Amino acid sequence: MSGTLFPRERAVVADGAVHVPDWLPPERRRALVDACRAWARGPVPLRHTVLPGGGAMSVRTVCVGWHWQPYRYSRTADDVNGARVADFPGWLVGLGREALAAAYGDGPESRGYTPDTALVNFYDSAARMGMHQDRQERSPAPVVSLSIGDACVFRFGNTANRGRPYTDVELRSGDLFVFGGPSRLAYHGVPKVLAESGDPSAGLPRGRLNITLRETGLR
Ligand code: SIN
Ligand code: FE2
């Protein structure tokens with residue numbers, strides 16, 4: 001799906017929540033897919049995160065910079081293999097700053113944005129993610145989300161509960177979504193992946209890759 005026939009417009013979905021379609025050009029999608037493949041090989045493997053109730057998430061995840069497990073960050077993947085996660089690379093800080101500038105405009109918030117963790121999530125066509133808040137971070141800085149491969153329905157809700165009101169946004173390969181400010185703690189989730197809607201030229205013949213950048217506020 002190229003989106004060229006009917007260009008999709010930047011949309012403010014809620015106060016502080018901005019969707020920028022087709023933000024990542026094809027060569028940067030490929031580079032990001034390559035980086036994610038390398039992180040998935042180690043030091044910590046891509047795995048289904050196990051929730052406190054014993055169930056496993058349907059997405060597979062690998063983390064960079066800090067390891068997230070329900071519901072805390074650590075430097076080592078204590079619920080996987082105990083290894084220290086890969087360092088957060090400088091180029092990914094730069095990408096986060098560019099993304100924030102694209103969503104919010106180039107100002108002090110974008111220039112000072114210093115994400116230190118990335119959660120790399122891989123969705124097969126049956127995977128989904130329930131409505132949740134990203135709230136283990138101590139920093140109020142925005143979350144930057146990049147999607148590659150199959151499209152999905154991304155449900156962006158409110159800060160009070162998992163239910164309505166919410167807006168369903170279709171995230172396609174190359175799309176950027178940023179949520180910060182009054183939307184930083186909004187519930188969100190992925191109710192559906194649109195199988196085979198993807199972007200083989202990005203190097204991902206099937207499935208959906210989502211990368212979220214965050215500032216943990218930890219040291
Ligand atoms: C997440 O909420 O961590 C992932 C969202 C997405 O896959 O688009
Ligand atoms: Fe999230």
# chains A, B, ... in the order shown; residues from 1 in each chain; ligands from 1

$ closest_atom_pairs --of "chain A" --to "ligand 1" --cutoff "10 Å" --atoms "only C-alpha atoms and all ligand atoms" --output "tab-separated table"
residue	atom	partner	partner_atom_place_in_ligand_line	distance
A:Val59	CA	ligand 1	7 (O)	8.7
A:Thr61	CA	ligand 1	3 (O)	9.5
A:Ala118	CA	ligand 1	3 (O)	9.6
A:Leu119	CA	ligand 1	3 (O)	6.9
A:Val120	CA	ligand 1	3 (O)	8.3
A:Asn121	CA	ligand 1	7 (O)	6.4
A:Phe122	CA	ligand 1	7 (O)	8.1
A:Tyr123	CA	ligand 1	7 (O)	7.9
A:Ala127	CA	ligand 1	7 (O)	9.9
A:Arg128	CA	ligand 1	7 (O)	8.2
A:Met129	CA	ligand 1	7 (O)	7.2
A:Gly130	CA	ligand 1	2 (O)	8.6
A:Met131	CA	ligand 1	2 (O)	8.1
A:His132	CA	ligand 1	2 (O)	7.2
A:Gln133	CA	ligand 1	2 (O)	7.7
A:Asp134	CA	ligand 1	2 (O)	7.0
A:Val143	CA	ligand 1	3 (O)	9.2
A:Val144	CA	ligand 1	5 (C)	9.8
A:Ser145	CA	ligand 1	8 (O)	6.5
A:Leu146	CA	ligand 1	8 (O)	7.5
A:Ser147	CA	ligand 1	8 (O)	6.7
A:Ile148	CA	ligand 1	8 (O)	9.9
A:Ala151	CA	ligand 1	8 (O)	9.7
A:Cys152	CA	ligand 1	8 (O)	7.8
A:Val153	CA	ligand 1	8 (O)	8.4
A:Phe154	CA	ligand 1	8 (O)	6.0
A:Arg155	CA	ligand 1	8 (O)	8.7
A:Phe156	CA	ligand 1	2 (O)	9.6
A:Glu170	CA	ligand 1	8 (O)	9.8
A:Leu171	CA	ligand 1	8 (O)	7.5
A:Arg172	CA	ligand 1	8 (O)	10.0
A:Asp175	CA	ligand 1	8 (O)	10.0
A:Leu176	CA	ligand 1	8 (O)	9.6
A:Phe177	CA	ligand 1	8 (O)	8.3
A:Tyr187	CA	ligand 1	2 (O)	8.7
A:His188	CA	ligand 1	2 (O)	6.2
A:Gly189	CA	ligand 1	2 (O)	5.7
A:Val190	CA	ligand 1	6 (C)	6.1
A:Pro191	CA	ligand 1	7 (O)	9.8
A:Val193	CA	ligand 1	7 (O)	9.6
A:Arg208	CA	ligand 1	7 (O)	8.2
A:Leu209	CA	ligand 1	7 (O)	7.4
A:Asn210	CA	ligand 1	7 (O)	4.9
A:Ile211	CA	ligand 1	7 (O)	7.3
A:Thr212	CA	ligand 1	3 (O)	6.2
A:Leu213	CA	ligand 1	3 (O)	9.3

$ residues_around --residues "Glu98 in chain A" --least-positions-apart "3" --cutoff "12 Å" --atoms "only C-alpha atoms" --output "list in words"
Trp23, Leu24, Trp91, Leu92, Val93, Gly94, Leu95, Ala101, Ala102, Ala103, Tyr104, Gly105, Asp106, Gly107, Glu109, Ser110, Arg111, Gly112, Tyr113, Thr114, Pro115, Val144, Leu176 and Val178 of chain A

$ write_last_selection --atoms "C-alpha atoms" --output "compact mmCIF listing (two decimals), in the first residue's frame"
# COMPACT_ATOMS: atom_id res chain seq x y z
CA TRP A 23 6.96 9.65 7.48
CA LEU A 24 9.78 7.12 7.13
CA TRP A 91 21.38 7.39 15.66
CA LEU A 92 18.14 6.29 17.32
CA VAL A 93 18.18 9.39 19.53
CA GLY A 94 18.53 11.41 16.34
CA LEU A 95 15.64 9.58 14.71
CA ALA A 101 10.01 17.65 15.12
CA ALA A 102 7.83 16.18 12.35
CA ALA A 103 4.92 15.70 14.73
CA TYR A 104 5.14 18.78 16.93
CA GLY A 105 7.44 21.17 15.07
CA ASP A 106 11.11 21.85 15.57
CA GLY A 107 11.43 23.43 19.02
CA GLU A 109 11.16 19.79 23.13
CA SER A 110 12.23 18.05 19.92
CA ARG A 111 15.86 19.11 20.20
CA GLY A 112 16.12 18.02 23.81
CA TYR A 113 14.31 14.71 23.35
CA THR A 114 16.63 11.94 24.54
CA PRO A 115 14.93 8.56 24.29
CA VAL A 144 7.44 8.05 19.43
CA LEU A 176 4.77 7.85 12.63
CA VAL A 178 3.56 10.49 18.61

$ select_by_dssp --residues "range 2-124 of chain A" --states "alpha helix (DSSP H)" --output "ChimeraX atom specification"
/A:26-41,90-104,108-112

$ write_last_selection --atoms "C-alpha atoms" --output "tab-separated table (two decimals), in the first residue's frame"
chain	number	residue	atom	x	y	z
A	26	PRO	CA	11.62	3.36	2.14
A	27	GLU	CA	15.40	3.26	2.65
A	28	ARG	CA	15.04	4.18	6.32
A	29	ARG	CA	12.36	1.52	6.78
A	30	ARG	CA	14.82	-1.05	5.45
A	31	ALA	CA	17.60	0.21	7.71
A	32	LEU	CA	15.31	0.04	10.73
A	33	VAL	CA	14.18	-3.49	9.84
A	34	ASP	CA	17.85	-4.51	9.58
A	35	ALA	CA	18.62	-2.96	12.97
A	36	CYS	CA	15.63	-4.75	14.53
A	37	ARG	CA	16.74	-8.07	13.06
A	38	ALA	CA	20.17	-7.57	14.63
A	39	TRP	CA	18.62	-6.76	18.04
A	40	ALA	CA	16.37	-9.83	17.74
A	41	ARG	CA	19.49	-12.01	17.42
A	90	GLY	CA	23.01	7.56	19.11
A	91	TRP	CA	21.38	7.39	15.66
A	92	LEU	CA	18.14	6.29	17.32
A	93	VAL	CA	18.18	9.39	19.53
A	94	GLY	CA	18.53	11.41	16.34
A	95	LEU	CA	15.64	9.58	14.71
A	96	GLY	CA	13.48	10.27	17.79
A	97	ARG	CA	14.29	13.98	17.60
A	98	GLU	CA	13.45	14.12	13.91
A	99	ALA	CA	10.20	12.29	14.56
A	100	LEU	CA	9.20	14.67	17.32
A	101	ALA	CA	10.01	17.65	15.12
A	102	ALA	CA	7.83	16.18	12.35
A	103	ALA	CA	4.92	15.70	14.73
A	104	TYR	CA	5.14	18.78	16.93
A	108	PRO	CA	13.22	22.88	22.32
A	109	GLU	CA	11.16	19.79	23.13
A	110	SER	CA	12.23	18.05	19.92
A	111	ARG	CA	15.86	19.11	20.20
A	112	GLY	CA	16.12	18.02	23.81

$ closest_residue --among "A:Val169, A:Leu185, A:Val20, A:Val50" --to "Trp68 in chain A" --atoms "only C-alpha atoms"
A:Val50

$ decode --residues "range 183-198 of chain A" --atoms "N, CA and C atoms" --output "compact mmCIF listing (two decimals), in the first residue's frame"
# COMPACT_ATOMS: atom_id res chain seq x y z
N SER A 183 -1.87 13.72 26.17
CA SER A 183 -2.17 12.36 25.69
C SER A 183 -1.14 11.34 26.14
N ARG A 184 -0.14 11.78 26.88
CA ARG A 184 0.97 10.87 27.18
C ARG A 184 0.50 9.58 27.87
N LEU A 185 -0.49 9.71 28.75
CA LEU A 185 -0.95 8.52 29.49
C LEU A 185 -2.28 7.98 28.96
N ALA A 186 -2.58 8.30 27.71
CA ALA A 186 -3.82 7.76 27.12
C ALA A 186 -3.70 6.24 26.93
N TYR A 187 -4.80 5.54 27.15
CA TYR A 187 -4.84 4.10 26.84
C TYR A 187 -4.78 3.93 25.33
N HIS A 188 -4.09 2.87 24.90
CA HIS A 188 -3.99 2.59 23.47
C HIS A 188 -3.74 1.10 23.29
N GLY A 189 -4.01 0.62 22.08
CA GLY A 189 -3.80 -0.80 21.81
C GLY A 189 -3.94 -1.08 20.32
N VAL A 190 -3.73 -2.34 19.98
CA VAL A 190 -3.78 -2.76 18.58
C VAL A 190 -4.79 -3.90 18.48
N PRO A 191 -6.06 -3.60 18.15
CA PRO A 191 -7.05 -4.68 18.09
C PRO A 191 -6.91 -5.59 16.88
N LYS A 192 -6.20 -5.14 15.84
CA LYS A 192 -6.19 -5.94 14.61
C LYS A 192 -5.01 -5.60 13.72
N VAL A 193 -4.37 -6.64 13.20
CA VAL A 193 -3.36 -6.47 12.15
C VAL A 193 -4.02 -6.83 10.82
N LEU A 194 -3.78 -6.05 9.80
CA LEU A 194 -4.39 -6.29 8.49
C LEU A 194 -3.42 -7.14 7.68
N ALA A 195 -3.65 -8.46 7.69
CA ALA A 195 -2.69 -9.40 7.12
C ALA A 195 -2.42 -9.11 5.66
N GLU A 196 -1.18 -9.24 5.30
CA GLU A 196 -0.74 -9.11 3.90
C GLU A 196 -1.05 -7.75 3.29
N SER A 197 -1.07 -6.75 4.14
CA SER A 197 -1.25 -5.39 3.64
C SER A 197 0.09 -4.70 3.52
N GLY A 198 1.17 -5.46 3.74
CA GLY A 198 2.47 -4.89 4.08
C GLY A 198 3.32 -4.37 2.95
